[in-house]
Amino acid sequence: MDRLQRYQALVRDWAPWKVINLNPIQRGGILSPEARKAIVEYADGYSVCDWCPPKTPRLDRIERPPIHDFYNDLATFLDADATRVVTRCREAKFISFLMLKRARGGRYVVVDGLAHYSTFLAAELCGLQVKTVPVGPEPEFRLDPEGYHTAIEAVRRESGELPTAVLLTHVDPTYGNLQPAREVAKIAHDYGIPFILNAAYTAGVMPVSLRDLGCDILTSSGHKSWAAPAPTGILALTEEMVRIVLQPSQHSPVKELALLGCTVPGAPLIGLMASFPHVVQRVQRWEEEVKKAEWLAQQLERIEGTRVLGQRPRQHHVLHVRSEGLHQIAKRHRKRGYFLYHELKKRGIVGIQPGLTRHFKLSTYGLSWEEVRKVATAFLEIAEQYGIRTT
Ligand SMILES: *Cc1c(COP(=O)(O)O)cnc(C)c1O
């Protein structure tokens, strides 16, 4: 029992509300104060199921709490015909690939070279091969949409059929590059292939319209970008895709087959809902968020041998930093690469992966200007303290 008791009080050695957290996968998922309260209210198991309609028992039909309305409001917000909340973005991709394969056949999906690993796993689990569209050279790693044309033709040549689907990662997790979705959508549609936009890093933090961008399916991650607890994923669809992706089960016709009936039943869904008004407002402040990221990038580049990779000026909050300067310190420091983590933590800043100095990622999303300035000062101070030149 002693061994088990350590699970009863799980605490960190830092208080989240006292520090600046720069972890890029965490910034967009920090709960709104409303969500933090609501999840306690609905923390028990199937707590949203009190008023499940007896004749059509299904999560998205529940009116109390207003899950049915939420699904519709979420669709309006994303400019889609319908939405479903699933466990994670990767599940939304898996479901889309699976149902498109069942409906259209094909053996390949075409995806961008910067796609998240989970895109490849989703395809693999569906028995689909992946053809990637290469990205350009450093330091910007730009994606040329025309590459989709080439990749689709290659699939046609090699397999004798068109790909099952085309997927683009709206903003990739490695460099935080924002991609030209509309142009890729047009290429996919010229071939009659459904276009999936993986908006894990965009929808929920910046304005995104499924219809404007020409998507058939949009996937996103609640715990990444919607101020929601894990696990929450978003699947947004056009009417045409609803017919394919949300087909009813033959066994239980009221249930949607690919969702295995009801999806996320409790606190995570409630948290996503409670943060929704906050999310609707915050996407309006996107330009300011981008300004903070670009400003910090320029400040970090004052450290000798430091460069922020990816598109410049920045169009997104994720920064990929390459720093030969900080790496020089790590080489001679007793704590090796961990020195950076410790130096930052002393200054009330966390979220850079411990041990990394040469390449690391960070995000300023949702921080105040004062906090962003504090981050810049901390990095410059640390560099100077160890004798690395700053300009
Ligand atoms: C973080 C991320 C994911 C994973 O999201 P989950 O909701 O955890 O599945 C998928 N795609 C991209 C582009 C991401 O950045």
# chains A, B, ... in the order shown; residues from 1 in each chain; ligands from 1
call {"tool": "residues_around", "arguments": {"residues": "Ala188 in chain A", "least_positions_apart": "3", "cutoff": "10 Å", "atoms": "only C-alpha atoms", "output": "list in words"}}
result
Val110, Tyr148, His149, Ile152, Pro163, Ala165, Val166, Leu167, Arg182, Glu183, Val184, Ala185, Tyr191, Gly192, Ile193, Pro194, Phe195, Ile196, Gly214 and Cys215 of chain A
call {"tool": "write_last_selection", "arguments": {"atoms": "N, CA, C and O atoms", "output": "compact mmCIF listing (two decimals), in the first residue's frame"}}
result
# COMPACT_ATOMS: atom_id res chain seq x y z
N VAL A 110 -1.35 11.60 -49.03
CA VAL A 110 -0.26 12.53 -49.31
C VAL A 110 -0.25 13.57 -48.19
O VAL A 110 -1.29 14.17 -47.89
N TYR A 148 2.59 19.10 -53.77
CA TYR A 148 1.43 18.21 -53.64
C TYR A 148 1.04 17.63 -54.99
O TYR A 148 0.67 16.46 -55.11
N HIS A 149 1.14 18.48 -55.99
CA HIS A 149 0.85 18.07 -57.35
C HIS A 149 1.77 16.91 -57.75
O HIS A 149 1.32 15.86 -58.19
N ILE A 152 1.00 13.69 -55.72
CA ILE A 152 -0.24 13.02 -56.16
C ILE A 152 0.03 12.27 -57.46
O ILE A 152 -0.39 11.11 -57.64
N PRO A 163 -4.62 9.11 -54.42
CA PRO A 163 -4.57 8.95 -52.96
C PRO A 163 -5.97 9.00 -52.34
O PRO A 163 -6.87 9.62 -52.89
N ALA A 165 -6.63 10.49 -49.49
CA ALA A 165 -6.82 11.84 -48.95
C ALA A 165 -5.51 12.61 -49.05
O ALA A 165 -4.44 12.03 -49.18
N VAL A 166 -5.66 13.93 -48.97
CA VAL A 166 -4.51 14.82 -48.92
C VAL A 166 -4.58 15.54 -47.58
O VAL A 166 -5.64 16.01 -47.19
N LEU A 167 -3.46 15.57 -46.86
CA LEU A 167 -3.44 16.24 -45.56
C LEU A 167 -2.33 17.28 -45.52
O LEU A 167 -1.23 17.05 -46.02
N ARG A 182 -5.17 27.12 -48.56
CA ARG A 182 -6.07 27.29 -49.71
C ARG A 182 -5.46 26.72 -50.99
O ARG A 182 -6.13 26.10 -51.80
N GLU A 183 -4.17 26.95 -51.15
CA GLU A 183 -3.51 26.49 -52.38
C GLU A 183 -3.43 24.97 -52.44
O GLU A 183 -3.62 24.38 -53.51
N VAL A 184 -3.17 24.35 -51.30
CA VAL A 184 -3.13 22.88 -51.27
C VAL A 184 -4.55 22.32 -51.48
O VAL A 184 -4.74 21.34 -52.22
N ALA A 185 -5.54 22.97 -50.88
CA ALA A 185 -6.93 22.55 -51.06
C ALA A 185 -7.30 22.54 -52.54
O ALA A 185 -7.92 21.61 -53.04
N TYR A 191 -8.15 17.28 -58.33
CA TYR A 191 -8.13 15.84 -58.56
C TYR A 191 -9.36 15.15 -57.95
O TYR A 191 -9.49 13.93 -58.01
N GLY A 192 -10.20 15.92 -57.26
CA GLY A 192 -11.36 15.33 -56.59
C GLY A 192 -11.00 14.56 -55.33
O GLY A 192 -11.70 13.64 -54.92
N ILE A 193 -9.88 14.93 -54.71
CA ILE A 193 -9.45 14.23 -53.49
C ILE A 193 -9.83 15.07 -52.27
O ILE A 193 -9.59 16.28 -52.25
N PRO A 194 -10.40 14.45 -51.23
CA PRO A 194 -10.74 15.20 -50.01
C PRO A 194 -9.49 15.79 -49.34
O PRO A 194 -8.44 15.14 -49.30
N PHE A 195 -9.64 17.00 -48.81
CA PHE A 195 -8.53 17.72 -48.21
C PHE A 195 -8.73 17.85 -46.70
O PHE A 195 -9.73 18.40 -46.23
N ILE A 196 -7.77 17.32 -45.94
CA ILE A 196 -7.81 17.38 -44.47
C ILE A 196 -6.79 18.41 -44.00
O ILE A 196 -5.62 18.34 -44.40
N GLY A 214 -10.99 26.08 -47.67
CA GLY A 214 -11.30 25.02 -48.63
C GLY A 214 -11.12 23.62 -48.09
O GLY A 214 -10.86 22.69 -48.86
N CYS A 215 -11.27 23.45 -46.77
CA CYS A 215 -11.07 22.10 -46.21
C CYS A 215 -12.35 21.28 -46.32
O CYS A 215 -13.46 21.82 -46.26
call {"tool": "residues_near_ligand", "arguments": {"ligand": "ligand 1", "cutoff": "10 Å", "atoms": "only C-alpha atoms and all ligand atoms", "output": "ChimeraX atom specification"}}
result
/A:24-26,86-94,114-119,122,168-174,176,197-202,219-225,230-234
call {"tool": "closest_residue", "arguments": {"among": "A:Lys55, A:Arg358, A:Arg312, A:Lys131", "to": "Leu326 in chain A", "atoms": "only C-alpha atoms"}}
result
A:Arg358
call {"tool": "atom_distance", "arguments": {"atom1": "CA of Gln247 in chain A", "atom2": "CA of Ile67 in chain A"}}
result
20.2 Å
call {"tool": "select_by_dssp", "arguments": {"residues": "range 83-319 of chain A", "states": "helix (DSSP H, G or I)", "output": "PyMOL selection string"}}
result
chain A and resi 89-104+117-125+146-159+181-190+222-225+239-245+257-259+267-300
call {"tool": "select_by_dssp", "arguments": {"residues": "range 134-310 of chain A", "states": "strand (DSSP E)", "output": "NGL selection string"}}
result
:A and (165-169 or 195-198 or 217-221 or 233-237 or 306-309)
call {"tool": "atom_distance", "arguments": {"atom1": "CA of Thr357 in chain A", "atom2": "CA of Arg314 in chain A"}}
result
20.9 Å
call {"tool": "residues_around", "arguments": {"residues": "range 304-310 of chain A", "least_positions_apart": "5", "cutoff": "12 Å", "atoms": "only C-alpha atoms", "output": "PyMOL selection string"}}
result
chain A and resi 114+135-143+171-179+293-299+315-329+357-362+379-380+383-384+386-391
call {"tool": "closest_residue", "arguments": {"among": "A:Ser32, A:Ser159, A:Ser249, A:Thr83", "to": "Ala228 in chain A", "atoms": "only C-alpha atoms"}}
result
A:Ser32
call {"tool": "residues_around", "arguments": {"residues": "range 263-275 of chain A", "least_positions_apart": "2", "cutoff": "10 Å", "atoms": "only C-alpha atoms", "output": "number ranges by chain"}}
result
A: 29-49, 58-60, 65-67, 70-71, 74, 84-88, 222-223, 226-233, 256, 259-261, 277-280
call {"tool": "closest_residue", "arguments": {"among": "A:Val205, A:Ile244, A:Ala103, A:Val133", "to": "Ile217 in chain A", "atoms": "only C-alpha atoms"}}
result
A:Ile244
call {"tool": "closest_residue", "arguments": {"among": "A:Pro57, A:Ala82, A:Ala236, A:Asp112", "to": "Ala203 in chain A", "atoms": "only C-alpha atoms"}}
result
A:Ala236
